[in-house]
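Notes follow once the structure below has been shown.
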Amino acid sequence: MIFTQGILNWLTLASLPFISQKHEDDDPLKRLGHLTPYHVAPTSYKVEPELPADCSVDRVMLMHRHGSRGPDSTTGEMNKIDSLIQMLKNNHNALQGANLTENLRFLQTGNGYESHLHLDDLTIIGRQQLFDHGVEFGVKYPNFDTETLLSSTSQRVNDSMYFFAQGRFGREVEDKDLLTVNGTVSWITPWTSCPDLDWAYAYKLASNWSDLYLPKITKRLNDLLPSGVFLTDNNTHGALYACAYDLAAGYESPWCNVFHADELADFEYEMDLIMVASAGYLVPNNAGRVMGSIFVNELINRFSNTSGEAQSLHLEFGHDVTIMAAMAAMDLNKDEPPLSSKEVRQHRRFLTSDQTPFAAQMIWERFNCKESFDGPHIRLVLNEETYPLHTCAKTSHDRQFGTCSLDTFIKTNQFSTNIKFNDSTWQAACGVPK
């Protein structure tokens, strides 16, 4: 009876629609930065999606971001949403008799806009994302198995690992070891060993940009509201966050329809600035790339078998910062010139909406071929699309398939291979770990 009920519960969960997948690729709701619901990355890299028929994958390393979550309790996102809700409550009567545009009339229904978000936790959509990804991974890599899965100590990441494992292994999950990281340094959470990392710098950079774009939106919206009802820029910010987090929770957010596509693009750019200066190439003292070197060295160690480890599959679960730091170390999404808080860079490599949406999947493959490629090669599949390894592609075949030889990959990534945890380079960027 318990087992039957469990199956029914999972069938109910699996039947829920992915809100993000109802839209076309140009849908602005797929452009919410690292708060974007999971979606397959656009096929914009002009590389072959599949390897040649004579090639076979023999090693797989997955780094999976946690699924959709509630607002981050450490960044004040919920405070902005709560401030918006309180302002609307204070002006409830004034809004009732107003002649509002259709996309604002939700403010006149019942109690107006209300929030039912839960801080930090994995949402039901997040659980669905991970369960489905586990099933899909098993279908794509049916002959790969492992006895252990590894996550960061964050509860939402640990939960993500659990739901992925349920989808991938079913009842066999009871025989698997679901572990969390421990020890001094981890490629999943390298920032915990980087005490000098200046998170405030990223939010200052983003604030410089939000100070430019938010007032224009606030003015436009205030022109649509009755006399005496005024949004502040902080309220507008809260409405943008409400749009993103309502979607993350599985709701159809009325706020998303309030904003124009270019306004959501400005919000997306703010999210990119936060991430590029938290874990990417704009982190002070090059700390983003230095932190990412731990992941790169672990990838090289596993795919070159330098430690004698023969494990063919690694399933690990972390954060957007995990993925972005690794990509920064490899210069895979570096912009020239770098992103600036003065204006939106329309055509940029660093794009969190496509690279680290909620439930992002970074899958590294090592493969060998009978004729198409010479020696072991490596490929990155990011959110179900091949992400070209342009920094090490030396042959026309590599450029065609977005790959490079393992030897060339190692040589190209000397920035990382020359760094050892807590060496002089690490300490110059991160300080001395406690």
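By order in the structure tokens, chains are A, B, ...; within a chain, residues start at 1; ligands start at 1, following the order shown.
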Can you list, as a compact mmCIF listing (two decimals) with C-alpha atoms, in the first residue's frame, every protein, DNA or RNA residue that comes within 8 Å of Asp121 in chain A when you count only C-alpha atoms, leaving out same-chain residues fewer than 4 positions away?
# COMPACT_ATOMS: atom_id res chain seq x y z
CA ARG A 69 14.27 27.27 -5.18
CA GLY A 70 12.69 30.01 -3.12
CA GLN A 155 19.84 21.35 1.95
CA ARG A 156 18.41 22.27 -1.47
Quick one: residues within 10 Å of range 419-427 of chain A, only C-alpha atoms counted, chain neighbours fewer than 5 positions away excluded, as a PDB file with C-alpha atoms, in the first residue's frame?
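So the final result, stored in out.pdb, reads:
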ATOM      1  CA  THR A 184      39.388  21.413   3.466  1.00  0.00           C
ATOM      2  CA  VAL A 185      38.598  22.204  -0.173  1.00  0.00           C
ATOM      3  CA  SER A 186      36.084  20.905  -2.671  1.00  0.00           C
ATOM      4  CA  PRO A 190      35.671  26.092  -3.500  1.00  0.00           C
ATOM      5  CA  SER A 193      38.166  27.905   1.156  1.00  0.00           C
ATOM      6  CA  CYS A 194      38.432  31.427  -0.259  1.00  0.00           C
ATOM      7  CA  PRO A 195      38.015  33.706   2.782  1.00  0.00           C
ATOM      8  CA  ASP A 196      38.990  36.895   0.937  1.00  0.00           C
ATOM      9  CA  ASN A 285      42.162  39.184  -7.740  1.00  0.00           C
ATOM     10  CA  ASN A 286      41.133  36.618 -10.373  1.00  0.00           C
ATOM     11  CA  ALA A 287      39.557  34.598  -7.557  1.00  0.00           C
ATOM     12  CA  VAL A 290      41.417  30.369  -9.228  1.00  0.00           C
ATOM     13  CA  MET A 291      38.450  28.779  -7.438  1.00  0.00           C
ATOM     14  CA  SER A 293      40.892  25.532 -11.064  1.00  0.00           C
ATOM     15  CA  ILE A 294      39.980  22.925  -8.445  1.00  0.00           C
ATOM     16  CA  ASN A 297      42.129  19.716 -12.081  1.00  0.00           C
ATOM     17  CA  GLN A 414      47.860  25.232 -17.659  1.00  0.00           C
ATOM     18  CA  VAL A 432      44.808  31.877   3.650  1.00  0.00           C
ATOM     19  CA  PRO A 433      42.052  29.321   4.360  1.00  0.00           C
TER      20      PRO A 433
END
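Residues in contact with Asp233 in chain A at 9 Å, where only C-alpha atoms are counted and same-chain residues fewer than 3 positions away are skipped, are listed as Ser210, Asp211, Leu214, Pro215, Ile217, Thr218, Lys219, Thr236, His237 and Gly238 of chain A.
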Counting only C-alpha atoms, which residues of range 120-212 of chain A fall within 12 Å of range 251-260 of chain A, and what is the closest atom pair for each with its distance in Å at one decimal, ordered by chain and rising number, as JSON lines?
{"residue": "A:Thr123", "atom": "CA", "partner": "A:Tyr251", "partner_atom": "CA", "distance": 10.9}
{"residue": "A:Ile124", "atom": "CA", "partner": "A:Tyr251", "partner_atom": "CA", "distance": 10.6}
{"residue": "A:Ile125", "atom": "CA", "partner": "A:Tyr251", "partner_atom": "CA", "distance": 9.6}
Quick one: pick out all strand (DSSP E) residues within range 164-380 of chain A from a backbone DSSP run and write them as a VMD selection string.
chain A and resid 177 to 180 313 to 318 361 to 369 377 to 380
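The interatomic distance for the pair CA of Gly67 in chain A and CA of Asp120 in chain A works out to 10.9 Å.
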Got a sec to tell me which of range 240-314 of chain A DSSP assigns to alpha helix (DSSP H), as number ranges by chain?
A: 240-249, 261-276, 287-304
Selected residue, from A:Asp223, A:Asp198, A:Glu136, A:Glu316, that lies nearest to Ala429 in chain A when counting only C-alpha atoms
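Using only C-alpha atoms, Ala429 in chain A sits closest to A:Asp198.
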Between CA of Thr403 in chain A and CA of Ser44 in chain A, distance in Å (one decimal)
15.8 Å
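Distances from A:Leu197, A:Val40, A:Met63, A:Leu225 to Asn99 in chain A were compared using only C-alpha atoms, and the smallest one belongs to A:Leu225.
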Residues near range 377-384 of chain A, anyone? I mean within 7 Å using only C-alpha atoms, not counting same-chain ones fewer than 4 positions away, as a list in words.
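Non-adjacent residues within range: Val40, Ala41, Gln355, Ala360, Gln361, Met362, Ile363, Trp364, Glu365, Arg366, Phe367, Asn368, Gly402, Thr403, Cys404, Ser405 and Leu406 of chain A.
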Same residues, all heavy atoms, saved as a compact mmCIF listing (two decimals), in the first residue's frame:
# COMPACT_ATOMS: atom_id res chain seq x y z
N VAL A 40 16.29 23.84 -22.18
CA VAL A 40 17.38 23.38 -23.03
C VAL A 40 18.07 24.58 -23.64
O VAL A 40 17.42 25.52 -24.11
CB VAL A 40 16.86 22.44 -24.13
CG1 VAL A 40 17.98 22.04 -25.07
CG2 VAL A 40 16.20 21.21 -23.52
N ALA A 41 19.39 24.59 -23.63
CA ALA A 41 20.14 25.71 -24.18
C ALA A 41 19.85 25.85 -25.67
O ALA A 41 19.64 24.85 -26.37
CB ALA A 41 21.63 25.50 -23.96
N GLN A 355 23.37 29.29 -19.40
CA GLN A 355 24.47 28.49 -18.86
C GLN A 355 24.18 27.94 -17.46
O GLN A 355 24.54 26.80 -17.16
CB GLN A 355 25.75 29.32 -18.87
CG GLN A 355 26.23 29.62 -20.29
CD GLN A 355 27.20 30.79 -20.38
OE1 GLN A 355 27.73 31.26 -19.39
NE2 GLN A 355 27.41 31.27 -21.60
N ALA A 360 20.63 23.52 -13.87
CA ALA A 360 21.59 23.43 -14.97
C ALA A 360 22.37 22.12 -14.89
O ALA A 360 22.67 21.62 -13.81
CB ALA A 360 22.55 24.61 -14.92
N GLN A 361 22.69 21.57 -16.07
CA GLN A 361 23.43 20.31 -16.15
C GLN A 361 24.72 20.52 -16.95
O GLN A 361 24.67 20.80 -18.14
CB GLN A 361 22.60 19.24 -16.87
CG GLN A 361 21.22 19.01 -16.28
CD GLN A 361 20.43 18.02 -17.13
OE1 GLN A 361 20.58 16.80 -17.00
NE2 GLN A 361 19.59 18.53 -18.02
N MET A 362 25.84 20.40 -16.27
CA MET A 362 27.14 20.43 -16.95
C MET A 362 27.65 19.00 -17.02
O MET A 362 28.01 18.40 -16.00
CB MET A 362 28.13 21.32 -16.18
CG MET A 362 29.54 21.26 -16.74
SD MET A 362 30.74 22.20 -15.74
CE MET A 362 30.69 23.77 -16.60
N ILE A 363 27.67 18.44 -18.22
CA ILE A 363 28.09 17.05 -18.42
C ILE A 363 29.36 17.03 -19.26
O ILE A 363 29.38 17.53 -20.39
CB ILE A 363 27.00 16.22 -19.11
CG1 ILE A 363 25.71 16.20 -18.26
CG2 ILE A 363 27.49 14.79 -19.35
CD1 ILE A 363 24.56 15.46 -18.92
N TRP A 364 30.40 16.44 -18.70
CA TRP A 364 31.67 16.26 -19.42
C TRP A 364 31.78 14.81 -19.86
O TRP A 364 31.52 13.89 -19.08
CB TRP A 364 32.85 16.63 -18.53
CG TRP A 364 32.92 18.09 -18.23
CD1 TRP A 364 32.35 18.75 -17.18
CD2 TRP A 364 33.60 19.08 -19.01
NE1 TRP A 364 32.62 20.10 -17.26
CE2 TRP A 364 33.38 20.34 -18.36
CE3 TRP A 364 34.36 19.06 -20.18
CZ2 TRP A 364 33.91 21.52 -18.85
CZ3 TRP A 364 34.88 20.24 -20.67
CH2 TRP A 364 34.66 21.46 -20.01
N GLU A 365 32.16 14.60 -21.12
CA GLU A 365 32.33 13.27 -21.67
C GLU A 365 33.75 13.08 -22.19
O GLU A 365 34.30 13.97 -22.82
CB GLU A 365 31.36 13.05 -22.85
CG GLU A 365 29.90 13.15 -22.52
CD GLU A 365 29.03 13.09 -23.77
OE1 GLU A 365 29.54 13.39 -24.88
OE2 GLU A 365 27.85 12.74 -23.64
N ARG A 366 34.32 11.91 -21.90
CA ARG A 366 35.54 11.48 -22.57
C ARG A 366 35.15 10.40 -23.57
O ARG A 366 34.38 9.50 -23.23
CB ARG A 366 36.57 10.92 -21.59
CG ARG A 366 37.94 10.68 -22.23
CD ARG A 366 38.90 9.99 -21.28
NE ARG A 366 38.61 8.56 -21.16
CZ ARG A 366 39.37 7.69 -20.50
NH1 ARG A 366 40.46 8.11 -19.87
NH2 ARG A 366 39.04 6.41 -20.44
N PHE A 367 35.65 10.51 -24.79
CA PHE A 367 35.26 9.52 -25.79
C PHE A 367 36.46 9.15 -26.67
O PHE A 367 37.44 9.89 -26.78
CB PHE A 367 34.11 10.05 -26.67
CG PHE A 367 34.44 11.25 -27.51
CD1 PHE A 367 34.91 11.10 -28.82
CD2 PHE A 367 34.29 12.54 -27.00
CE1 PHE A 367 35.20 12.21 -29.59
CE2 PHE A 367 34.59 13.65 -27.77
CZ PHE A 367 35.05 13.50 -29.07
N ASN A 368 36.34 7.98 -27.26
CA ASN A 368 37.33 7.48 -28.21
C ASN A 368 36.62 7.05 -29.48
O ASN A 368 35.44 6.68 -29.44
CB ASN A 368 38.11 6.30 -27.63
CG ASN A 368 39.14 6.74 -26.60
OD1 ASN A 368 40.24 7.13 -26.94
ND2 ASN A 368 38.76 6.67 -25.32
N GLY A 402 32.78 20.68 -31.67
CA GLY A 402 32.91 21.40 -30.39
C GLY A 402 33.79 20.71 -29.38
O GLY A 402 33.69 20.97 -28.18
N THR A 403 34.69 19.86 -29.84
CA THR A 403 35.49 19.01 -28.97
C THR A 403 36.96 19.42 -29.01
O THR A 403 37.36 20.32 -29.75
CB THR A 403 35.38 17.55 -29.42
OG1 THR A 403 35.89 17.44 -30.76
CG2 THR A 403 33.93 17.09 -29.40
N CYS A 404 37.77 18.74 -28.23
CA CYS A 404 39.23 18.82 -28.40
C CYS A 404 39.85 17.57 -27.79
O CYS A 404 39.22 16.86 -26.99
CB CYS A 404 39.81 20.09 -27.79
SG CYS A 404 39.70 20.22 -26.01
N SER A 405 41.07 17.30 -28.19
CA SER A 405 41.75 16.12 -27.65
C SER A 405 42.02 16.34 -26.17
O SER A 405 42.21 17.48 -25.71
CB SER A 405 43.05 15.86 -28.40
OG SER A 405 44.04 16.82 -28.04
N LEU A 406 42.07 15.26 -25.43
CA LEU A 406 42.33 15.37 -23.99
C LEU A 406 43.70 15.97 -23.75
O LEU A 406 43.87 16.81 -22.85
CB LEU A 406 42.20 13.99 -23.34
CG LEU A 406 42.39 13.94 -21.83
CD1 LEU A 406 41.39 14.85 -21.11
CD2 LEU A 406 42.26 12.50 -21.31
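The shortest atom-to-atom distance to Thr36 in chain A, with only C-alpha atoms taken into account, belongs to A:Asp272 out of A:Asp272, A:Thr408, A:Ser278, A:Thr391.
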note - CA of Glu385 in chain A and CA of His64 in chain A are separated by 14.6 Å
